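Worksheet for the structure shown next.
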Amino acid sequence: MLLEARNLRIAYGDATAVWDASLEVAEGEIVSVIGPNGAGKTTLISAIAGLLRWNGGTLRLGGVDLARVPAHRVCAHGIALVPEGRRLFTRMSVEENLEIGCYVPAARAARDATLERVYGLFPILRQKREQMAGLLSGGQQQMVAIGRALMARPRLMLFDEPSLGLAPAIVDDMFDIVRRVREEGVAVLLVEQNVLKAMEIADRAYVLEQGRIVSSGVPSDLLQQSHIREAYLGV
Amino acid sequence: MPSMTLLGQSLVSGVLLGGLYGLVALGLSLSWGLLRLVNLAHFALAFLGAYLVYHLGTVWHVPPWWAVLLIAPLFFVFGVLQHAVFLYFRVTELTSLLATFGISVIIESALQWIWTADFRRFETHYASTSLKVGPIYVPVIELLACIAAAALAWVTWAWLRWTYVGKALRAAAEDPEIAVAFGINRRGLAFVLSGVCAAYAGVAGAFIALISTLAPSQIWTWLGVVFAVVIIGRLGNPLGALAAGVLIGAAESVAMATFSPAWAPVVSFSVLIVLLLWQPDWL
């Protein structure tokens with residue numbers, strides 16, 4: 001198993017955001033986590049990315065216990081994050097943002113090849129490579145955020161609400177890109193409020209509510225459950 | 001109205017003095033812009049460097065160039081240790097003002113204790129040498145200070161612009177969390193940068209020793225002007241600090257020549273206020 005989370009509990013001081021979350025992602029798999037606002041989805045993904053320490057349970061990547069890995073080394077172990085709200089380095093150029101993605105020595109050695117791949121995926125970024133990232137449109141900024149994560153040559157890419165704040169026409173493109181990322185052999189863990197899209201693309205999915213995984217399985221099965229149909233699809 | 005020669009002379013002197021402003025501003029700008037620490041102690045450290053150069057030169061007859069090579073690494077270590085203390089006490093942008101004010105007072109007292117409050121002057125033959133270009137005198141030592149400031153500002157700019165470490169520092173200044181997620185060891189880099197800033201204070205101090213008269217209280221006279229320079233030059237922008245230093249230096253000097261020397265202190269903040277209100281595109 002590539003990523004293995006067992007009974008994770010994550011708190012901000014006294015406030016526990018995730019009580020009990022266990023999930024798995026296999027190599028080359030797309031796994032979605034759906035849930036309402038405030039369920040702890042972003043908290044969960046932040047902990048996996050190394051931005052947050054968890055208070056209980058275990059987190060392993062390819063058998064390595066991530067509790068022993070300092071935050072700035074998580075990326076070198078093969079995890080790259082596409083954060084909520086993109087969080088680009090707005091005062092740096094597009095290409096500089098991509099270069100931050102390959103800061104880790106192993107990725108840096110492959111910089112030119114990976115950069116070509118990213119520009120192949122997003123030709124518009126090649127044209128805008130000298131522009132300040134903060135001046136791009138929302139969709140283009142999302143491309144930079146995805147490109148930046150690809151530059152790290154990850155084994156697992158974490159997408160935190162990739163469709164949030166994007167025009168509906170671009171949302172479809174974004175999910176196509178998630179598929180193409182997987183075709184390149186990268187596993188994907190996706191956190192989304194757009195439940196239908198997240199289910200459509202995923203091999204497996206988890207439902208996170210009030211800090212607990214309440215349900216998991218193949219999307220077509222989950223979508224049959226009356227609770228999920230009522231809570232997320234309103235039917 | 002002063003003569004053209006006087007104007008030209010004051011412009012040249014001002015630009016050269018501005019180079020020194022830029023040199024002092026450089027470390028402050030980097031620490032404020034990239035570490036989010038407002039290091040008031042930068043001035044005190046520069047004067048500590050100046051006194052050390054003075055002492056090494058007058059007592060042990062060490063030439064100032066060698067003194068700098070000794071002081072810069074020493075100050076680098078000081079900067080690293082200072083950052084360790086800041087981390088331990090969780091110093092933030094706001095509390096750094098208070099903490100470094102305290103460090104400044106301690107250094108000022110130490111200077112006063114060791115070298116007394118008397119004015120000191122480091123007499124060297126460089127200090128009295130001038131080039132004559134037409135009717136205008138160009139003091140060699142101030143020219144060297146200006147060249148050193150330009151060289152250091154450019155090297156620092158290139159370092160931030162083109163190296164991975166430089167890009168990492170800029171990225172970490174904007175979004176530390178995401179920078180760490182991409183493998184940037186922000187804490188480690190902050191130590192290095194803090195050391196570099198302190199070493200720059202040492203270099204600036206050597207030129208202060210050669211150019212101006214030293215007294216412990218002088219620490220505070222530089223503060224206002226250099227703060228204006230740092231802000232006009234934009235935080236964390238080495239070339240901006242240099243350009244702003246030259247601008248303020250020249251403006252001060254021309255104001256002194258055309259109105260009266262008493263007007264000099266008004267100039268830096270007037271220029272700052274005008275630029276902040278105007279906000280031109282090139283800034």
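Naming works like this for the structure tokens: A, B, ... for the chains as they're shown, residue 1 at the start of each chain, ligands 1 onward in shown order.
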
Query - Sel. of strand (DSSP E or B) residues, range 60-191 of chain B, as an MDAnalysis selection string - result: chainID B and resid 120 130:133 136:139

Query raised in the report: Which chain B residues are at most 10 Å from chain A (counting only C-alpha atoms), as a list in words?
Result: Arg161, Trp162, Tyr164, Val165, Lys167, Ala168, Arg170, Ala171, Ala172, Ala173, Glu174, Asp175, Glu177, Ile178, Ala179, Val180, Ala181, Phe182, Gly183, Ile184, Asn185, Arg186 and Arg187 of chain B

**Report entry** Surrounding residues of Glu142 in chain B excluding itself and chain neighbours under 6 positions, 7 Å, only C-alpha atoms, as number ranges by chain
**Finding:** B: 16-17, 211

Distance query Gly245 in chain B at most 9 Å, only C-alpha atoms, self and fewer than 5 positions along chain excluded, as a tab-separated table (two decimals) with N, CA and C atoms, in the first residue's frame:
```
chain	number	residue	atom	x	y	z
B	15	VAL	N	25.53	61.27	-3.48
B	15	VAL	CA	25.41	59.95	-4.08
B	15	VAL	C	26.34	58.97	-3.36
B	17	LEU	N	27.58	59.22	-0.25
B	17	LEU	CA	27.06	58.96	1.09
B	17	LEU	C	25.86	58.01	1.00
B	18	GLY	N	25.07	58.21	-0.05
B	18	GLY	CA	23.90	57.35	-0.27
B	18	GLY	C	24.30	55.89	-0.44
B	19	GLY	N	25.45	55.66	-1.07
B	19	GLY	CA	25.95	54.30	-1.19
B	19	GLY	C	26.13	53.67	0.17
B	20	LEU	N	26.65	54.47	1.12
B	20	LEU	CA	26.85	53.96	2.48
B	20	LEU	C	25.50	53.70	3.15
B	21	TYR	N	24.52	54.60	2.91
B	21	TYR	CA	23.17	54.35	3.42
B	21	TYR	C	22.67	53.00	2.90
B	22	GLY	N	22.86	52.79	1.60
B	22	GLY	CA	22.41	51.55	0.98
B	22	GLY	C	23.09	50.34	1.60
B	23	LEU	N	24.39	50.50	1.88
B	23	LEU	CA	25.17	49.40	2.47
B	23	LEU	C	24.62	49.04	3.85
B	25	ALA	N	21.59	49.75	4.87
B	25	ALA	CA	20.20	49.33	4.71
B	25	ALA	C	20.08	47.88	4.25
B	225	VAL	N	17.12	57.71	8.82
B	225	VAL	CA	17.41	57.76	7.39
B	225	VAL	C	17.38	56.35	6.79
B	226	VAL	N	18.05	55.41	7.46
B	226	VAL	CA	18.17	54.07	6.89
B	226	VAL	C	16.80	53.37	6.86
B	228	ALA	N	13.97	54.86	6.32
B	228	ALA	CA	13.32	55.42	5.14
B	228	ALA	C	13.87	54.75	3.88
B	229	VAL	N	15.18	54.54	3.84
B	229	VAL	CA	15.81	53.91	2.68
B	229	VAL	C	15.27	52.48	2.49
B	230	VAL	N	15.18	51.74	3.58
B	230	VAL	CA	14.71	50.34	3.49
B	230	VAL	C	13.29	50.29	2.93
B	232	ILE	N	11.60	52.71	1.17
B	232	ILE	CA	11.53	53.17	-0.22
B	232	ILE	C	12.06	52.09	-1.16
B	233	GLY	N	13.14	51.42	-0.75
B	233	GLY	CA	13.75	50.41	-1.61
B	233	GLY	C	12.96	49.11	-1.66
B	240	GLY	N	16.99	47.68	-4.68
B	240	GLY	CA	16.10	48.76	-4.26
B	240	GLY	C	16.70	49.53	-3.09
B	250	ALA	N	21.56	61.78	-2.16
B	250	ALA	CA	21.66	62.89	-3.10
B	250	ALA	C	20.67	64.00	-2.73
```

Query raised in the report: Which residues come within 8 Å of Gly85 in chain A, counting only C-alpha atoms, excluding same-chain residues fewer than 5 positions away, as a ChimeraX atom specification?
Result: /A:161-162,164-165

Can you write just those residues out, N, CA and C atoms, as a compact mmCIF listing (two decimals), in the first residue's frame?
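Wrote it out as result.txt, contents follow:
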```
# COMPACT_ATOMS: atom_id res chain seq x y z
N GLU A 161 -9.47 20.51 -2.64
CA GLU A 161 -10.50 21.33 -3.28
C GLU A 161 -10.03 21.98 -4.57
N PRO A 162 -9.58 21.19 -5.55
CA PRO A 162 -9.02 21.81 -6.77
C PRO A 162 -10.04 22.61 -7.57
N LEU A 164 -12.46 24.51 -6.35
CA LEU A 164 -13.00 25.64 -5.60
C LEU A 164 -12.58 26.97 -6.26
N GLY A 165 -13.58 27.81 -6.52
CA GLY A 165 -13.28 29.14 -7.06
C GLY A 165 -12.96 29.16 -8.54
```

Query - alpha helix (DSSP H) positions in range 15-106 of chain A, given as a list of chain:residue names - result: A:Lys41, A:Thr42, A:Thr43, A:Leu44, A:Ile45, A:Ser46, A:Ala47, A:Ile48, A:Ala49, A:Val94, A:Glu95, A:Glu96, A:Asn97, A:Leu98, A:Glu99, A:Ile100, A:Gly101, A:Pro105, A:Ala106

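Going from CA of Gln140 in chain A over to CA of Ala169 in chain A, you cover 13.0 Å.
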
Please provide the set of residues having any atom within 9 Å of Val186 in chain A, restricted to only C-alpha atoms, with same-chain residues fewer than 2 positions apart removed, written as an mmCIF file with C-alpha atoms, in the first residue's frame.
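Result file result_1.cif:
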```cif
data_model
loop_
_atom_site.group_PDB
_atom_site.id
_atom_site.type_symbol
_atom_site.label_atom_id
_atom_site.label_comp_id
_atom_site.auth_asym_id
_atom_site.auth_seq_id
_atom_site.Cartn_x
_atom_site.Cartn_y
_atom_site.Cartn_z
ATOM 1 C CA GLU A 27 -0.032 2.980 -6.278
ATOM 2 C CA GLY A 28 -1.668 4.620 -9.276
ATOM 3 C CA GLU A 29 -5.071 4.874 -7.617
ATOM 4 C CA ILE A 30 -7.430 7.866 -7.442
ATOM 5 C CA ARG A 153 8.074 13.977 -9.183
ATOM 6 C CA PRO A 154 5.751 12.659 -6.475
ATOM 7 C CA ARG A 155 4.398 9.153 -5.982
ATOM 8 C CA LEU A 156 1.277 10.611 -4.383
ATOM 9 C CA MET A 157 -0.367 13.925 -5.223
ATOM 10 C CA VAL A 181 -1.734 12.784 -13.642
ATOM 11 C CA ARG A 182 -2.792 9.275 -12.729
ATOM 12 C CA GLU A 183 -2.004 8.018 -16.229
ATOM 13 C CA GLU A 184 1.578 9.077 -15.564
ATOM 14 C CA VAL A 188 -4.042 10.817 -6.272
#
```

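Going from CA of Val171 in chain A to CA of Met199 in chain A covers 14.2 Å.
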
Query raised in the report: Which distance in Å separates CA of Ala190 in chain B and CA of Ile231 in chain B, to one decimal?
Result: 21.1 Å

**Report entry** All residues 8 Å or closer to Ala44 in chain B, only C-alpha atoms, same chain fewer than 3 positions away omitted, as an MDAnalysis selection string
**Finding:** chainID B and resid 40:41 47:48 104 107:108 219

Report task. For each of A:Arg53, A:Ala39, A:Ser220, A:Ala133, take the minimum atom-to-atom distance to Leu8 in chain A, counting only C-alpha atoms, then give the residue where this is smallest. Result ->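 Of all the options, A:Arg53 lies closest to Leu8 in chain A.
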
Report task. Point out the residue among A:Ser32, A:Gln210, A:Thr16, A:Ser137 with the least atom-to-atom distance to Ala187 in chain A, counting only C-alpha atoms. Result -> A:Ser32
